[in-house]
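Everything on this sheet refers to the single structure shown next.
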Amino acid sequence: MIHTMESLLGLPPMNQNDAYAPILAPLFLGAGNQQPFTADWINRENGLIYQTNPSKGQGAGESAEMDFSRPDAANPEVLNAILWRDRKGDQPMPPAQHKMFSGKQDPNGD
């Protein structure tokens, strides 16, 4: 849905998830006799959707000390390092890329 709205507004995708998501426009084209949606229940049936992180899992101790009482209260650098180690192990973590826009209009319109 987000990628479709971005496309309609002429905006670039906000992230890779948006960029790889299909645009919904083809669903509204044609004679209206598209196949009905069929749900994929695999993860519900095998229990994966109901699993939580183990209390003694990698990074659990560090995470337990973090402040999740409100959005953005936890230190993002520490949290990202925990998440990276959980998925990538000892592979070096790439440096964070922070982009900032000044919010000022360019007088030349660029």
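Labels for the structure tokens follow display order: chains A, B, ..., residues from 1 in each chain, ligands from 1.
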
| query | Near A:Pro95, within 12 Å and counting only C-alpha atoms, which residues show up once chain neighbours fewer than 5 positions away are dropped, as a ChimeraX atom specification? | reply | /A:77,80-81,84

Store the residues picked out above, limited to C-alpha atoms, as a PDB file, in the first residue's frame.
```pdb
ATOM      1  CA  GLU A  77      23.305   2.173  18.350  1.00  0.00           C
ATOM      2  CA  ASN A  80      21.126  -2.129  16.329  1.00  0.00           C
ATOM      3  CA  ALA A  81      24.328  -3.879  17.455  1.00  0.00           C
ATOM      4  CA  TRP A  84      22.964  -7.299  14.040  1.00  0.00           C
TER       5      TRP A  84
END
```

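Contact shell of A:Leu27 at 12 Å (only C-alpha atoms; same-chain neighbours under 4 positions omitted): Met1, Thr4, Pro22, Ile23, Ala31, Gly32, Asn33, Gln34, Gln35, Pro36 and Phe37 of chain A.
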
Selection to disk with all heavy atoms, as a short mmCIF file (atom, residue, chain, number, x, y, z; two decimals), in the first residue's frame:
```cif
data_model
loop_
_atom_site.label_atom_id
_atom_site.label_comp_id
_atom_site.auth_asym_id
_atom_site.auth_seq_id
_atom_site.Cartn_x
_atom_site.Cartn_y
_atom_site.Cartn_z
N MET A 1 0.83 -1.18 0.00
CA MET A 1 0.00 0.00 0.00
C MET A 1 0.88 1.26 0.00
O MET A 1 0.63 2.18 -0.76
CB MET A 1 -0.92 -0.05 1.23
CG MET A 1 -1.85 1.12 1.31
SD MET A 1 -3.09 1.21 0.02
CE MET A 1 -4.15 -0.14 0.46
N THR A 4 2.55 1.93 -3.30
CA THR A 4 1.57 2.44 -4.25
C THR A 4 1.32 3.93 -4.02
O THR A 4 1.30 4.72 -4.98
CB THR A 4 0.25 1.66 -4.13
OG1 THR A 4 0.52 0.28 -4.40
CG2 THR A 4 -0.79 2.17 -5.10
N PRO A 22 5.34 -4.81 -4.31
CA PRO A 22 4.69 -4.57 -5.59
C PRO A 22 3.70 -3.40 -5.50
O PRO A 22 3.11 -3.15 -4.45
CB PRO A 22 3.95 -5.87 -5.89
CG PRO A 22 3.78 -6.52 -4.56
CD PRO A 22 4.92 -6.06 -3.70
N ILE A 23 3.55 -2.71 -6.61
CA ILE A 23 2.57 -1.63 -6.68
C ILE A 23 1.21 -2.26 -6.95
O ILE A 23 1.09 -3.19 -7.75
CB ILE A 23 2.97 -0.62 -7.77
CG1 ILE A 23 4.26 0.08 -7.34
CG2 ILE A 23 1.87 0.38 -8.03
CD1 ILE A 23 4.80 1.05 -8.34
N ALA A 31 -10.53 -7.03 -16.44
CA ALA A 31 -11.97 -7.30 -16.46
C ALA A 31 -12.56 -7.51 -15.07
O ALA A 31 -13.77 -7.65 -14.93
CB ALA A 31 -12.24 -8.53 -17.31
N GLY A 32 -11.75 -7.57 -14.06
CA GLY A 32 -12.26 -7.78 -12.72
C GLY A 32 -12.50 -9.23 -12.39
O GLY A 32 -13.28 -9.56 -11.49
N ASN A 33 -11.85 -10.12 -13.11
CA ASN A 33 -12.04 -11.55 -12.85
C ASN A 33 -10.75 -12.20 -12.33
O ASN A 33 -10.48 -13.36 -12.62
CB ASN A 33 -12.53 -12.26 -14.11
CG ASN A 33 -11.58 -12.06 -15.28
OD1 ASN A 33 -10.57 -11.37 -15.17
ND2 ASN A 33 -11.91 -12.66 -16.41
N GLN A 34 -9.98 -11.44 -11.57
CA GLN A 34 -8.75 -11.97 -11.01
C GLN A 34 -9.06 -13.09 -10.01
O GLN A 34 -10.11 -13.11 -9.40
CB GLN A 34 -7.94 -10.86 -10.29
CG GLN A 34 -7.36 -9.84 -11.21
CD GLN A 34 -8.31 -8.69 -11.50
OE1 GLN A 34 -9.49 -8.73 -11.17
NE2 GLN A 34 -7.81 -7.67 -12.16
N GLN A 35 -8.08 -13.96 -9.84
CA GLN A 35 -8.23 -15.06 -8.90
C GLN A 35 -8.37 -14.52 -7.48
O GLN A 35 -7.76 -13.52 -7.12
CB GLN A 35 -7.00 -15.98 -8.96
CG GLN A 35 -6.86 -16.73 -10.27
CD GLN A 35 -7.98 -17.74 -10.44
OE1 GLN A 35 -8.39 -18.41 -9.50
NE2 GLN A 35 -8.50 -17.83 -11.65
N PRO A 36 -9.17 -15.15 -6.63
CA PRO A 36 -9.30 -14.71 -5.24
C PRO A 36 -8.00 -14.94 -4.47
O PRO A 36 -7.21 -15.82 -4.83
CB PRO A 36 -10.44 -15.56 -4.69
CG PRO A 36 -10.49 -16.76 -5.57
CD PRO A 36 -10.02 -16.31 -6.92
N PHE A 37 -7.81 -14.17 -3.44
CA PHE A 37 -6.63 -14.28 -2.58
C PHE A 37 -6.69 -15.60 -1.80
O PHE A 37 -7.74 -15.98 -1.29
CB PHE A 37 -6.59 -13.10 -1.60
CG PHE A 37 -5.50 -13.19 -0.60
CD1 PHE A 37 -4.19 -12.86 -0.94
CD2 PHE A 37 -5.76 -13.60 0.70
CE1 PHE A 37 -3.19 -12.94 0.00
CE2 PHE A 37 -4.75 -13.67 1.64
CZ PHE A 37 -3.46 -13.35 1.28
#
```

| message | List the spatial neighbours of stretch 58-64 of chain A as a PyMOL selection string - criterion: any atom at most 8 Å away, only C-alpha atoms, same-chain residues fewer than 5 positions off excluded. | response | chain A and resi 79+82-83+86

Write to file, as an mmCIF file, in the first residue's frame, the residues of the selection just made, with C-alpha atoms.
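Here's the written file out.cif:
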```cif
data_model
loop_
_atom_site.group_PDB
_atom_site.id
_atom_site.type_symbol
_atom_site.label_atom_id
_atom_site.label_comp_id
_atom_site.auth_asym_id
_atom_site.auth_seq_id
_atom_site.Cartn_x
_atom_site.Cartn_y
_atom_site.Cartn_z
ATOM 1 C CA LEU A 79 19.937 -1.922 19.951
ATOM 2 C CA ILE A 82 22.279 -6.452 19.404
ATOM 3 C CA LEU A 83 20.003 -7.085 16.422
ATOM 4 C CA ASP A 86 21.556 -11.911 16.476
#
```

| message | So that I can check the surroundings of A:Leu24, please list as a PyMOL selection string every protein, DNA and RNA residue that reaches within 12 Å of it, counting only C-alpha atoms and ignoring chain neighbours fewer than 5 positions away. | response | chain A and resi 1-8+29

| task | Step one, run DSSP on the backbone; step two, keep only residues of chain A assigned to helix (DSSP H, G or I); then write them as a PyMOL selection string. | result | chain A and resi 2-9+16-20+25-28+42-45+48-50+60-64+76-88

| query | Just how far from atom CA of A:Gly57 is atom CA of A:Gly89, in Å to one decimal? | reply | 12.9 Å

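When atom CA of A:Arg87 is paired with atom CA of A:Asn53, their separation reads 12.8 Å.
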
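Straight-line separation from atom CA of A:Pro71 to atom CA of A:Gly47: 28.5 Å.
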